[in-house]
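Dumped coords-v7.csv below, it's CSV, C-alpha atoms and all ligand atoms:
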```
chain,number,residue,atom,x,y,z
D,1,MET,CA,0.0,0.0,0.0
D,2,GLN,CA,1.2,3.5,-0.8
D,3,TYR,CA,2.3,6.0,1.9
D,4,THR,CA,0.0,9.0,2.4
D,5,ILE,CA,3.1,11.3,2.2
D,6,ASP,CA,5.8,11.4,-0.4
D,7,GLU,CA,9.0,9.3,-0.2
D,8,GLY,CA,11.2,12.4,0.6
D,9,GLN,CA,8.9,13.5,3.5
D,10,PHE,CA,8.9,9.9,4.7
D,11,ARG,CA,12.7,9.6,4.8
D,12,THR,CA,13.1,13.0,6.6
D,13,LEU,CA,10.5,12.3,9.2
D,14,ALA,CA,11.6,8.7,9.7
D,15,ALA,CA,15.2,9.8,10.4
D,16,GLU,CA,14.1,12.5,12.9
D,17,ILE,CA,11.8,10.0,14.7
D,18,LYS,CA,14.6,7.4,14.8
D,19,GLN,CA,17.0,9.9,16.5
D,20,LEU,CA,14.4,11.2,19.0
D,21,LYS,CA,13.4,7.6,19.8
D,22,GLN,CA,17.0,6.7,20.7
D,23,ASP,CA,17.5,9.9,22.7
D,24,ASN,CA,14.3,9.3,24.7
D,25,LYS,CA,14.7,5.5,25.0
D,26,ALA,CA,11.2,5.3,23.6
D,27,LEU,CA,9.2,2.4,22.0
D,28,ILE,CA,6.8,3.1,19.2
D,29,VAL,CA,3.9,0.7,18.9
D,30,ALA,CA,1.2,0.8,16.2
D,31,HIS,CA,-2.1,-0.9,15.5
D,32,PHE,CA,-2.7,-2.7,12.2
D,33,TYR,CA,-5.2,0.1,11.2
D,34,GLN,CA,-2.6,2.8,11.3
D,35,ARG,CA,-1.3,4.6,8.1
D,36,PRO,CA,1.3,2.5,6.3
D,37,GLU,CA,4.1,4.9,7.0
D,38,ILE,CA,3.3,4.8,10.8
D,39,GLN,CA,3.4,1.0,10.7
D,40,ASP,CA,6.8,1.2,9.0
D,41,VAL,CA,8.5,3.3,11.7
D,42,ALA,CA,7.0,1.4,14.6
D,43,ASP,CA,9.1,-1.1,16.6
D,44,PHE,CA,6.1,-3.3,16.9
D,45,VAL,CA,2.8,-3.6,15.0
D,46,GLY,CA,0.0,-5.7,16.5
D,47,ASP,CA,-3.6,-6.3,17.4
D,48,SER,CA,-5.2,-4.9,20.6
D,49,LEU,CA,-4.2,-8.0,22.7
D,50,GLN,CA,-0.6,-8.0,21.5
D,51,LEU,CA,-0.3,-4.3,22.2
D,52,SER,CA,-1.7,-4.7,25.7
D,53,GLN,CA,0.7,-7.6,26.4
D,54,LEU,CA,3.6,-5.6,25.2
D,55,ALA,CA,2.7,-2.6,27.3
D,56,ALA,CA,2.5,-4.8,30.3
D,57,LYS,CA,6.1,-6.2,29.9
D,58,THR,CA,8.2,-3.6,28.0
D,59,ASP,CA,11.0,-1.9,29.9
D,60,ALA,CA,11.0,1.1,27.7
D,61,GLU,CA,10.5,4.4,29.7
D,62,ILE,CA,8.3,6.0,27.1
D,63,ILE,CA,5.7,4.3,24.9
D,64,VAL,CA,4.5,6.2,21.8
D,65,PHE,CA,1.1,4.6,21.2
D,66,CYS,CA,-0.1,4.9,17.6
D,67,GLY,CA,-3.6,3.8,17.9
D,68,VAL,CA,-6.8,5.2,19.5
D,69,HIS,CA,-7.3,6.5,23.0
D,70,PHE,CA,-8.5,3.3,24.7
D,71,MET,CA,-5.4,1.5,23.6
D,72,ALA,CA,-3.0,4.1,25.0
D,73,GLU,CA,-5.1,4.2,28.1
D,74,SER,CA,-4.9,0.5,28.6
D,75,ALA,CA,-1.1,0.8,28.3
D,76,ALA,CA,-1.1,3.6,31.0
D,77,ILE,CA,-3.3,1.4,33.3
D,78,LEU,CA,-0.9,-1.6,33.0
D,79,SER,CA,2.3,0.5,33.1
D,80,PRO,CA,1.6,3.6,35.3
D,81,GLU,CA,5.3,4.2,35.8
D,82,LYS,CA,5.8,4.8,32.1
D,83,LEU,CA,5.1,7.9,30.0
D,84,VAL,CA,2.5,6.8,27.5
D,85,LEU,CA,2.1,9.3,24.6
D,86,LEU,CA,-0.8,9.4,22.2
D,87,PRO,CA,0.4,11.5,19.2
D,88,GLU,CA,-3.1,12.6,18.2
D,89,GLU,CA,-5.0,13.3,21.5
D,90,HIS,CA,-8.4,13.4,19.8
D,91,ALA,CA,-8.0,9.9,18.3
D,92,GLY,CA,-10.9,8.3,20.0
D,93,CYS,CA,-13.0,5.2,19.3
D,94,PRO,CA,-16.7,6.0,18.7
D,95,MET,CA,-17.8,2.6,19.9
D,96,ALA,CA,-15.9,3.0,23.2
D,97,ASN,CA,-17.9,6.3,23.7
D,98,MET,CA,-21.2,4.4,23.4
D,99,VAL,CA,-21.0,3.2,27.0
D,100,ASP,CA,-20.2,5.3,30.1
D,101,ALA,CA,-19.7,4.3,33.7
D,102,GLU,CA,-22.9,5.7,35.1
D,103,SER,CA,-25.2,4.0,32.5
D,104,LEU,CA,-23.3,0.8,33.1
D,105,ARG,CA,-23.9,1.1,36.8
D,106,GLN,CA,-27.6,1.5,36.2
D,107,ARG,CA,-27.7,-1.5,33.9
D,108,LYS,CA,-25.8,-3.6,36.5
D,109,ALA,CA,-28.3,-2.6,39.1
D,110,GLN,CA,-31.2,-4.0,36.9
D,111,LEU,CA,-29.3,-7.2,36.3
D,112,SER,CA,-28.1,-7.8,39.8
D,113,GLY,CA,-25.3,-10.4,40.2
D,114,CYS,CA,-24.5,-10.5,36.5
D,115,GLN,CA,-20.9,-10.7,35.4
D,116,VAL,CA,-19.7,-7.8,33.2
D,117,VAL,CA,-17.4,-8.5,30.3
D,118,CYS,CA,-16.1,-5.4,28.6
D,119,TYR,CA,-14.5,-5.2,25.3
D,120,VAL,CA,-11.1,-3.5,25.6
D,121,ASN,CA,-12.6,-0.8,23.3
D,122,SER,CA,-13.9,1.1,26.3
D,123,SER,CA,-12.9,3.8,28.8
D,124,ALA,CA,-10.9,3.2,32.0
D,125,ALA,CA,-14.0,4.1,34.0
D,126,VAL,CA,-16.1,1.4,32.2
D,127,LYS,CA,-13.3,-1.2,32.7
D,128,ALA,CA,-13.3,-0.2,36.4
D,129,GLU,CA,-17.0,-1.2,36.5
D,130,SER,CA,-16.4,-4.6,34.8
D,131,ASP,CA,-15.3,-8.0,36.0
D,132,ILE,CA,-13.1,-8.8,33.1
D,133,CYS,CA,-11.9,-7.3,29.8
D,134,CYS,CA,-11.6,-9.1,26.5
D,135,THR,CA,-10.2,-8.3,23.0
D,136,SER,CA,-11.6,-9.7,19.8
D,137,SER,CA,-8.9,-12.4,19.8
D,138,ASN,CA,-9.6,-13.8,23.3
D,139,ALA,CA,-13.3,-12.9,23.8
D,140,VAL,CA,-14.4,-16.5,23.3
D,141,GLN,CA,-11.8,-17.8,25.8
D,142,VAL,CA,-12.7,-15.1,28.3
D,143,VAL,CA,-16.4,-15.9,28.3
D,144,LYS,CA,-15.7,-19.6,28.5
D,145,SER,CA,-13.7,-18.9,31.7
D,146,LEU,CA,-16.6,-17.4,33.5
D,147,LEU,CA,-18.7,-19.1,36.2
D,148,PRO,CA,-22.3,-20.0,35.5
D,149,GLY,CA,-24.7,-17.1,35.8
D,150,GLU,CA,-25.8,-14.1,33.8
D,151,ILE,CA,-23.4,-12.2,31.6
D,152,LEU,CA,-23.6,-8.6,30.3
D,153,PHE,CA,-21.3,-7.9,27.3
D,154,VAL,CA,-20.4,-4.3,26.6
D,155,PRO,CA,-20.2,-2.3,24.3
D,156,ASP,CA,-20.0,-4.2,21.0
D,157,GLN,CA,-23.3,-6.1,20.3
D,158,ASN,CA,-21.7,-7.6,17.1
D,159,LEU,CA,-18.7,-9.1,18.8
D,160,GLY,CA,-21.1,-10.1,21.7
D,161,SER,CA,-23.4,-12.1,19.3
D,162,TYR,CA,-20.3,-13.7,17.7
D,163,VAL,CA,-19.1,-14.9,21.1
D,164,GLU,CA,-22.6,-16.1,22.1
D,165,GLU,CA,-22.7,-18.3,18.9
D,166,LYS,CA,-19.3,-19.7,19.6
D,167,VAL,CA,-19.7,-20.4,23.3
D,168,GLY,CA,-23.4,-21.3,23.3
D,169,ARG,CA,-24.2,-19.1,26.3
D,170,ASN,CA,-26.9,-16.5,26.2
D,171,MET,CA,-25.7,-13.0,27.1
D,172,TYR,CA,-27.2,-9.5,27.5
D,173,PHE,CA,-25.7,-7.0,25.1
D,174,TRP,CA,-25.1,-3.3,25.2
D,175,PRO,CA,-26.4,-1.7,22.0
D,176,GLY,CA,-23.0,-0.5,20.8
D,177,TYR,CA,-21.2,-1.0,17.5
D,178,CYS,CA,-18.2,0.1,15.5
D,179,ASN,CA,-19.2,2.8,12.9
D,180,THR,CA,-16.6,1.4,10.5
D,181,HIS,CA,-17.4,-2.4,10.6
D,182,ASP,CA,-21.1,-2.1,11.2
D,183,HIS,CA,-21.5,-0.3,7.9
D,184,LEU,CA,-20.3,-3.4,5.9
D,185,THR,CA,-23.3,-5.2,4.4
D,186,ARG,CA,-23.8,-8.7,2.9
D,187,GLU,CA,-24.5,-6.9,-0.4
D,188,ASN,CA,-20.9,-5.4,-0.3
D,189,ILE,CA,-19.5,-8.9,0.1
D,190,LEU,CA,-21.6,-10.5,-2.6
D,191,ASN,CA,-20.6,-7.7,-5.1
D,192,VAL,CA,-16.9,-8.2,-4.5
D,193,ARG,CA,-17.3,-11.9,-4.6
D,194,ARG,CA,-19.0,-11.7,-8.0
D,195,GLN,CA,-15.8,-10.0,-9.3
D,196,HIS,CA,-13.5,-12.5,-7.6
D,197,PRO,CA,-15.3,-15.8,-7.3
D,198,ASN,CA,-12.1,-17.7,-6.2
D,199,ALA,CA,-11.4,-15.4,-3.3
D,200,GLU,CA,-12.0,-16.4,0.3
D,201,VAL,CA,-13.9,-13.9,2.6
D,202,ILE,CA,-12.2,-13.0,5.9
D,203,VAL,CA,-13.9,-10.6,8.3
D,204,HIS,CA,-13.5,-9.1,11.8
D,205,PRO,CA,-16.0,-10.1,14.5
D,206,GLU,CA,-17.2,-6.5,14.8
D,207,CYS,CA,-19.1,-7.0,11.5
D,208,ARG,CA,-22.8,-7.8,11.6
D,209,LYS,CA,-24.1,-11.3,11.7
D,210,GLU,CA,-25.3,-11.2,8.0
D,211,VAL,CA,-21.7,-10.4,7.0
D,212,ARG,CA,-20.1,-13.0,9.3
D,213,GLN,CA,-22.3,-15.6,7.8
D,214,GLU,CA,-20.7,-15.1,4.4
D,215,ALA,CA,-17.1,-15.4,5.8
D,216,ASP,CA,-14.7,-18.3,5.4
D,217,PHE,CA,-12.8,-17.0,8.4
D,218,ILE,CA,-13.5,-14.6,11.3
D,219,GLY,CA,-10.8,-13.3,13.5
D,220,SER,CA,-9.0,-10.4,15.2
D,221,THR,CA,-6.6,-8.4,13.0
D,222,ALA,CA,-3.7,-10.6,14.0
D,223,GLY,CA,-5.9,-13.7,13.6
D,224,LEU,CA,-6.8,-12.6,10.0
D,225,ILE,CA,-3.1,-12.0,9.1
D,226,ASN,CA,-2.1,-15.4,10.6
D,227,TYR,CA,-4.9,-17.2,8.7
D,228,VAL,CA,-3.9,-15.7,5.4
D,229,GLN,CA,-0.2,-16.6,6.0
D,230,LYS,CA,-1.0,-20.2,6.6
D,231,SER,CA,-3.6,-20.6,3.8
D,232,SER,CA,-2.8,-22.0,0.4
D,233,VAL,CA,-5.5,-19.8,-1.1
D,234,GLN,CA,-4.3,-16.9,-3.3
D,235,GLU,CA,-7.1,-14.3,-3.1
D,236,PHE,CA,-9.0,-12.8,-0.2
D,237,ILE,CA,-11.9,-10.4,0.2
D,238,VAL,CA,-11.0,-8.4,3.4
D,239,GLY,CA,-13.8,-7.3,5.7
D,240,THR,CA,-12.0,-5.1,8.2
D,241,GLU,CA,-10.3,-1.7,8.3
D,242,SER,CA,-8.1,-0.8,5.3
D,243,GLY,CA,-4.9,-0.4,7.3
D,244,ILE,CA,-4.5,-4.1,7.6
D,245,LEU,CA,-3.8,-4.3,3.8
D,246,HIS,CA,-0.4,-2.9,4.4
D,247,GLN,CA,0.7,-5.9,6.6
D,248,LEU,CA,-1.2,-8.4,4.4
D,249,HIS,CA,0.8,-7.2,1.4
D,250,LYS,CA,4.0,-7.3,3.4
D,251,VAL,CA,3.7,-10.8,4.8
D,252,CYS,CA,2.0,-12.3,1.7
D,253,CYS,CA,3.4,-10.3,-1.3
D,254,SER,CA,2.3,-12.9,-3.9
D,255,LYS,CA,-1.4,-13.0,-2.8
D,256,GLU,CA,-4.2,-10.7,-3.9
D,257,PHE,CA,-6.4,-8.7,-1.4
D,258,TYR,CA,-9.7,-6.9,-2.2
D,259,LEU,CA,-11.2,-4.6,0.4
D,260,ALA,CA,-14.9,-5.6,0.8
D,261,SER,CA,-15.9,-1.9,0.8
D,262,GLU,CA,-14.1,1.4,0.2
D,263,GLN,CA,-15.9,2.7,3.3
D,264,LEU,CA,-13.8,0.4,5.6
D,265,VAL,CA,-11.7,3.3,6.9
D,266,CYS,CA,-11.6,4.3,10.6
D,267,PRO,CA,-11.0,8.1,10.6
D,268,ASN,CA,-9.8,8.0,14.2
D,269,MET,CA,-7.1,5.4,13.4
D,270,LYS,CA,-6.0,7.5,10.4
D,271,SER,CA,-5.8,10.8,12.4
D,272,THR,CA,-2.3,9.9,13.6
D,273,THR,CA,0.3,11.2,11.2
D,274,LEU,CA,4.1,10.8,11.1
D,275,SER,CA,4.6,14.5,11.9
D,276,LYS,CA,2.4,14.1,15.0
D,277,VAL,CA,4.6,11.1,16.0
D,278,ARG,CA,7.7,13.3,15.6
D,279,ASP,CA,6.1,16.1,17.6
D,280,ALA,CA,5.0,13.8,20.4
D,281,LEU,CA,8.6,12.5,20.8
D,282,LYS,CA,10.0,16.1,20.6
D,283,ASN,CA,7.6,17.6,23.2
D,284,LEU,CA,6.8,14.4,25.2
D,285,THR,CA,3.1,15.2,25.0
D,286,PRO,CA,0.1,14.5,24.7
D,287,HIS,CA,0.4,11.9,27.4
D,288,ILE,CA,-2.2,9.7,29.0
D,289,LEU,CA,-2.9,9.8,32.7
D,290,VAL,CA,-5.6,7.7,34.5
D,291,GLU,CA,-6.7,8.7,38.0
D,292,LYS,CA,-5.4,6.2,40.6
D,293,GLU,CA,-8.7,4.7,42.0
D,294,THR,CA,-10.1,4.1,38.5
D,295,ARG,CA,-6.8,2.8,37.3
D,296,LEU,CA,-6.5,0.2,40.0
D,297,ARG,CA,-10.0,-1.1,39.4
D,298,ALA,CA,-9.6,-1.1,35.6
D,299,LYS,CA,-6.2,-2.9,36.0
D,300,LYS,CA,-7.9,-5.8,37.7
D,301,ALA,CA,-10.2,-6.4,34.8
D,302,LEU,CA,-7.3,-6.1,32.3
D,303,GLU,CA,-5.0,-8.4,34.3
D,304,ARG,CA,-7.7,-11.0,34.7
D,305,MET,CA,-8.0,-11.0,30.9
D,306,LEU,CA,-4.3,-11.3,30.4
D,307,ALA,CA,-4.1,-14.2,32.8
D,308,CYS,CA,-6.5,-16.2,30.7
D,309,SER,CA,-5.0,-15.3,27.2
K,1,LIG,P1,-8.2,-6.0,17.1
K,1,LIG,O1,-8.2,-6.4,18.5
K,1,LIG,O2,-8.6,-7.1,16.2
K,1,LIG,O3,-6.9,-5.5,16.7
K,1,LIG,O4,-9.3,-4.9,16.8
K,1,LIG,C1,-9.2,-3.6,17.3
K,1,LIG,C2,-10.3,-2.7,16.8
K,1,LIG,O5,-10.4,-1.6,17.1
K,1,LIG,C3,-11.1,-3.3,15.8
K,1,LIG,O6,-12.0,-2.3,15.3
K,2,LIG,FE1,-13.2,1.9,17.2
K,2,LIG,FE2,-14.1,0.8,15.0
K,2,LIG,FE3,-12.1,2.5,14.8
K,2,LIG,FE4,-11.7,0.1,15.9
K,2,LIG,S1,-12.2,0.5,13.8
K,2,LIG,S2,-11.0,2.0,16.7
K,2,LIG,S3,-13.7,-0.2,16.9
K,2,LIG,S4,-14.2,3.0,15.5
```

Kindly return the structure encoded in the file as C-alpha cells.
Amino acid sequence: MQYTIDEGQFRTLAAEIKQLKQDNKALIVAHFYQRPEIQDVADFVGDSLQLSQLAAKTDAEIIVFCGVHFMAESAAILSPEKLVLLPEEHAGCPMANMVDAESLRQRKAQLSGCQVVCYVNSSAAVKAESDICCTSSNAVQVVKSLLPGEILFVPDQNLGSYVEEKVGRNMYFWPGYCNTHDHLTRENILNVRRQHPNAEVIVHPECRKEVRQEADFIGSTAGLINYVQKSSVQEFIVGTESGILHQLHKVCCSKEFYLASEQLVCPNMKSTTLSKVRDALKNLTPHILVEKETRLRAKKALERMLACS
C-alpha cells in the first residue's frame, strides 16, 4: 500500500523519529489500522491484545502509542510508571464512547449479580465497573472462563453475538457497534465476490451477523493475518479496516487482497500522522494519565483478561 506522504517527506520524518526515539529510549507501537508509514516506523505492530501484552512487559521508559485513546489508556493502566504518549490526542473510538460508567452502573443494578465482560474498546471508567476485559482475539476464551450465571457484554453487540454463537451461552448485550465495521453489508461482500469468485472472505467479528455468515474465516486483526499466511488460497476479500492491507501485502506479497468496501476506513485510526509522532517525541506530549482509583480497578479487569490469554 502507498504511503500517504511522499517518499522524501517519509525519509526525513523517519530519520528524525529514529533519532528522537533513541534519545528518549522510547518504544513506538502501532495498531494494524494505522497509516502504512506509521506501521513502518513502529518497533512493533499488532492487534489490541498483542499491544496490551507488550505494554505490560516492556522496559522502555516511554511508549508512543499509535492507535486510539482506549489502547493508549490500557497501556497507561498496565504500566503507570511509564510515560504513554498518544500522538493525536483526539484519536478516540466512537464505539468506546457508546457506554459510560454511570449508564453501566444503572444496567448492572437492573441485572443484579451478572458478570460484566467489557471489550477493551472502552474507557478506563467502564473497565473499572467490569469484572473482566476481552479483545476480539480472546473474547471466546474469556467468556468460556466465566462461572455459571448471567453475563452482560459491553459495548459491542456484534462481537457479543459472535461470542454467544461460539460459546453457546446467552448474554445480555449493550447496543454499541463500530461505525466502520457495522456499515459493511452482505451486499458489499456479494458484489466483490462476483468479481473475484475464487477469493475467500475474511472478516473481523465487529461485523454484523449477516456479513459474518458469508465469511470463510472470522478473526481479530492478528488472527486474520495469521490465517492468510498459513492458507494455500491466493485471493482474499477483506472485511476489516483498510490499514490491515499494508501488513497483508508485506507478509504475503504474492497474494491478492480486495477490500470488501471502500468505506472500511476508521478516521480515528487515520488521524495519527508521522509528523504528529515526531512532535510527540519532541515535546513528550500529549500523554495519557488515569486517576489512581479508577486505574487500580480497571487494571484488575485487564489483568484478569491477560491471565486467561
Ligand atoms: P483487534 O483487537 O482485532 O486489533 O481490533 C481492534 C479494533 O479496534 C477493531 O476495530
Ligand atoms: Fe473503534 Fe471501529 Fe475504529 Fe476500531 S475501527 S477503533 S472499533 S471505530

Enclose ligand LIG 2 (chain K), meaning all of its atoms listed in the file, in a box aligned along x, y and z, pad it by 4 Å on each side, and list the centre and edge lengths in Å to one decimal, as lines of an AutoDock Vina configuration file.
```
center_x = -12.6
center_y = 1.4
center_z = 15.5
size_x = 11.2
size_y = 11.2
size_z = 11.4
```

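Put simply, CA of Ala215 (chain D) is 18.1 Å away from CA of Lys255 (chain D).
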
Could you report the residues within 8 Å of ligand LIG 2 (chain K), using all atoms listed in the file, as an mmCIF file with C-alpha atoms, in the coordinates of the input?
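Output contents, as saved in result26.cif:
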```cif
data_model
loop_
_atom_site.group_PDB
_atom_site.id
_atom_site.type_symbol
_atom_site.label_atom_id
_atom_site.label_comp_id
_atom_site.auth_asym_id
_atom_site.auth_seq_id
_atom_site.Cartn_x
_atom_site.Cartn_y
_atom_site.Cartn_z
ATOM 1 C CA TYR D 33 -5.200 0.100 11.200
ATOM 2 C CA GLY D 67 -3.600 3.800 17.900
ATOM 3 C CA VAL D 68 -6.800 5.200 19.500
ATOM 4 C CA GLY D 92 -10.900 8.300 20.000
ATOM 5 C CA CYS D 93 -13.000 5.200 19.300
ATOM 6 C CA PRO D 94 -16.700 6.000 18.700
ATOM 7 C CA MET D 95 -17.800 2.600 19.900
ATOM 8 C CA ALA D 96 -15.900 3.000 23.200
ATOM 9 C CA ASN D 121 -12.600 -0.800 23.300
ATOM 10 C CA TYR D 177 -21.200 -1.000 17.500
ATOM 11 C CA CYS D 178 -18.200 0.100 15.500
ATOM 12 C CA ASN D 179 -19.200 2.800 12.900
ATOM 13 C CA THR D 180 -16.600 1.400 10.500
ATOM 14 C CA HIS D 181 -17.400 -2.400 10.600
ATOM 15 C CA GLU D 206 -17.200 -6.500 14.800
ATOM 16 C CA THR D 240 -12.000 -5.100 8.200
ATOM 17 C CA GLU D 241 -10.300 -1.700 8.300
ATOM 18 C CA VAL D 265 -11.700 3.300 6.900
ATOM 19 C CA CYS D 266 -11.600 4.300 10.600
ATOM 20 C CA PRO D 267 -11.000 8.100 10.600
ATOM 21 C CA ASN D 268 -9.800 8.000 14.200
ATOM 22 C CA MET D 269 -7.100 5.400 13.400
#
```

- Message: Please list, as a list in words, the residues that have an atom at most 8 Å away from (-19.6, -12.2, 8.4) in the coordinates of this file, counting only C-alpha atoms.
- Response: Arg186, Ile202, Val203, His204, Pro205, Cys207, Arg208, Lys209, Glu210, Val211, Arg212, Gln213, Glu214, Ala215 and Ile218 of chain D

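Taking all atoms listed in the file into account, the residues that come within 7 Å of ligand LIG 1 (chain K) are His31, Phe32, Gly46, Asp47, Ser48, Leu49, Asn121, Thr135, Ser136, Ser137, Cys178, His204, Glu206, Ser220, Thr221 and Ala222 of chain D.
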
For the selection you just gave me, I'd like the residues written to a file as a short mmCIF file (atom, residue, chain, number, x, y, z; two decimals), keeping the file's coordinate frame, keeping C-alpha atoms.
```cif
data_model
loop_
_atom_site.label_atom_id
_atom_site.label_comp_id
_atom_site.auth_asym_id
_atom_site.auth_seq_id
_atom_site.Cartn_x
_atom_site.Cartn_y
_atom_site.Cartn_z
CA HIS D 31 -2.10 -0.90 15.50
CA PHE D 32 -2.70 -2.70 12.20
CA GLY D 46 0.00 -5.70 16.50
CA ASP D 47 -3.60 -6.30 17.40
CA SER D 48 -5.20 -4.90 20.60
CA LEU D 49 -4.20 -8.00 22.70
CA ASN D 121 -12.60 -0.80 23.30
CA THR D 135 -10.20 -8.30 23.00
CA SER D 136 -11.60 -9.70 19.80
CA SER D 137 -8.90 -12.40 19.80
CA CYS D 178 -18.20 0.10 15.50
CA HIS D 204 -13.50 -9.10 11.80
CA GLU D 206 -17.20 -6.50 14.80
CA SER D 220 -9.00 -10.40 15.20
CA THR D 221 -6.60 -8.40 13.00
CA ALA D 222 -3.70 -10.60 14.00
#
```

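Counting from CA of Asn188 (chain D), the distance to CA of Gly239 (chain D) is 9.5 Å.
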
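Atom pair CA of Val117 (chain D) / CA of Val290 (chain D): separated by 20.5 Å.
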
- Message: Can you tell me which residues surround Asp100 (chain D) at a distance of at most 9 Å, considering all atoms listed in the file, apart from same-chain residues fewer than 4 positions away, and format the answer as JSON, numbers by chain?
- Response: {"D": [96, 104, 105, 122, 123, 125, 126]}

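Each of D:Ser271, D:Ser79, D:Ser130, D:Asn226 was compared to Phe153 (chain D) using only C-alpha atoms, and D:Ser130 turns out to be the nearest.
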
- Message: Could you check the closest approach to Asp6 (chain D) for each of D:Gln50, D:Gly219, D:Glu37, D:Lys144 and tell me which residue wins, using all atoms listed in the file?
- Response: D:Glu37

For region 227-234 of chain D, work out the shell of residues within 12 Å, counting only C-alpha atoms and skipping chain neighbours fewer than 4 positions away, then give it as a PDB file with C-alpha atoms, keeping the file's coordinate frame.
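Writing the result to part.pdb gives the following:
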```pdb
ATOM      1  CA  HIS D 196     -13.500 -12.500  -7.600  1.00  0.00           C
ATOM      2  CA  PRO D 197     -15.300 -15.800  -7.300  1.00  0.00           C
ATOM      3  CA  ASN D 198     -12.100 -17.700  -6.200  1.00  0.00           C
ATOM      4  CA  ALA D 199     -11.400 -15.400  -3.300  1.00  0.00           C
ATOM      5  CA  GLU D 200     -12.000 -16.400   0.300  1.00  0.00           C
ATOM      6  CA  VAL D 201     -13.900 -13.900   2.600  1.00  0.00           C
ATOM      7  CA  ILE D 202     -12.200 -13.000   5.900  1.00  0.00           C
ATOM      8  CA  VAL D 203     -13.900 -10.600   8.300  1.00  0.00           C
ATOM      9  CA  ASP D 216     -14.700 -18.300   5.400  1.00  0.00           C
ATOM     10  CA  PHE D 217     -12.800 -17.000   8.400  1.00  0.00           C
ATOM     11  CA  ILE D 218     -13.500 -14.600  11.300  1.00  0.00           C
ATOM     12  CA  GLY D 219     -10.800 -13.300  13.500  1.00  0.00           C
ATOM     13  CA  SER D 220      -9.000 -10.400  15.200  1.00  0.00           C
ATOM     14  CA  THR D 221      -6.600  -8.400  13.000  1.00  0.00           C
ATOM     15  CA  ALA D 222      -3.700 -10.600  14.000  1.00  0.00           C
ATOM     16  CA  GLY D 223      -5.900 -13.700  13.600  1.00  0.00           C
ATOM     17  CA  VAL D 238     -11.000  -8.400   3.400  1.00  0.00           C
ATOM     18  CA  ILE D 244      -4.500  -4.100   7.600  1.00  0.00           C
ATOM     19  CA  LEU D 245      -3.800  -4.300   3.800  1.00  0.00           C
ATOM     20  CA  GLN D 247       0.700  -5.900   6.600  1.00  0.00           C
ATOM     21  CA  LEU D 248      -1.200  -8.400   4.400  1.00  0.00           C
ATOM     22  CA  HIS D 249       0.800  -7.200   1.400  1.00  0.00           C
ATOM     23  CA  LYS D 250       4.000  -7.300   3.400  1.00  0.00           C
ATOM     24  CA  VAL D 251       3.700 -10.800   4.800  1.00  0.00           C
ATOM     25  CA  CYS D 252       2.000 -12.300   1.700  1.00  0.00           C
ATOM     26  CA  CYS D 253       3.400 -10.300  -1.300  1.00  0.00           C
ATOM     27  CA  SER D 254       2.300 -12.900  -3.900  1.00  0.00           C
ATOM     28  CA  LYS D 255      -1.400 -13.000  -2.800  1.00  0.00           C
ATOM     29  CA  GLU D 256      -4.200 -10.700  -3.900  1.00  0.00           C
ATOM     30  CA  PHE D 257      -6.400  -8.700  -1.400  1.00  0.00           C
ATOM     31  CA  TYR D 258      -9.700  -6.900  -2.200  1.00  0.00           C
TER      32      TYR D 258
END
```

Complete the atom set of region 58-70 of chain D to N, CA and C atoms and return it as a PDB file, keeping the file's coordinate frame.
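Result file is rebuild_19.pdb:
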```
ATOM      1  N   THR D  58       7.039  -4.327  28.579  1.00  0.00           N
ATOM      2  CA  THR D  58       8.200  -3.600  28.000  1.00  0.00           C
ATOM      3  C   THR D  58       8.980  -2.863  29.149  1.00  0.00           C
ATOM      4  N   ASP D  59      10.304  -2.745  28.958  1.00  0.00           N
ATOM      5  CA  ASP D  59      11.000  -1.900  29.900  1.00  0.00           C
ATOM      6  C   ASP D  59      11.392  -0.553  29.370  1.00  0.00           C
ATOM      7  N   ALA D  60      10.824  -0.210  28.209  1.00  0.00           N
ATOM      8  CA  ALA D  60      11.000   1.100  27.700  1.00  0.00           C
ATOM      9  C   ALA D  60      10.422   2.163  28.636  1.00  0.00           C
ATOM     10  N   GLU D  61      11.039   3.346  28.720  1.00  0.00           N
ATOM     11  CA  GLU D  61      10.500   4.400  29.700  1.00  0.00           C
ATOM     12  C   GLU D  61       9.354   5.136  29.068  1.00  0.00           C
ATOM     13  N   ILE D  62       9.356   5.216  27.745  1.00  0.00           N
ATOM     14  CA  ILE D  62       8.300   6.000  27.100  1.00  0.00           C
ATOM     15  C   ILE D  62       7.693   5.090  25.983  1.00  0.00           C
ATOM     16  N   ILE D  63       6.363   5.049  25.962  1.00  0.00           N
ATOM     17  CA  ILE D  63       5.700   4.300  24.900  1.00  0.00           C
ATOM     18  C   ILE D  63       4.915   5.293  24.042  1.00  0.00           C
ATOM     19  N   VAL D  64       5.222   5.318  22.761  1.00  0.00           N
ATOM     20  CA  VAL D  64       4.500   6.200  21.800  1.00  0.00           C
ATOM     21  C   VAL D  64       3.416   5.251  21.213  1.00  0.00           C
ATOM     22  N   PHE D  65       2.153   5.517  21.553  1.00  0.00           N
ATOM     23  CA  PHE D  65       1.100   4.600  21.200  1.00  0.00           C
ATOM     24  C   PHE D  65       0.365   5.144  19.926  1.00  0.00           C
ATOM     25  N   CYS D  66       0.620   4.512  18.791  1.00  0.00           N
ATOM     26  CA  CYS D  66      -0.100   4.900  17.600  1.00  0.00           C
ATOM     27  C   CYS D  66      -1.278   4.034  17.382  1.00  0.00           C
ATOM     28  N   GLY D  67      -2.391   4.565  17.867  1.00  0.00           N
ATOM     29  CA  GLY D  67      -3.600   3.800  17.900  1.00  0.00           C
ATOM     30  C   GLY D  67      -4.721   4.780  18.294  1.00  0.00           C
ATOM     31  N   VAL D  68      -5.739   4.289  19.000  1.00  0.00           N
ATOM     32  CA  VAL D  68      -6.800   5.200  19.500  1.00  0.00           C
ATOM     33  C   VAL D  68      -6.699   5.245  21.045  1.00  0.00           C
ATOM     34  N   HIS D  69      -7.479   6.168  21.619  1.00  0.00           N
ATOM     35  CA  HIS D  69      -7.300   6.500  23.000  1.00  0.00           C
ATOM     36  C   HIS D  69      -7.392   5.314  23.975  1.00  0.00           C
ATOM     37  N   PHE D  70      -8.394   4.413  23.771  1.00  0.00           N
ATOM     38  CA  PHE D  70      -8.500   3.300  24.700  1.00  0.00           C
ATOM     39  C   PHE D  70      -7.298   2.423  24.761  1.00  0.00           C
TER      40      PHE D  70
END
```
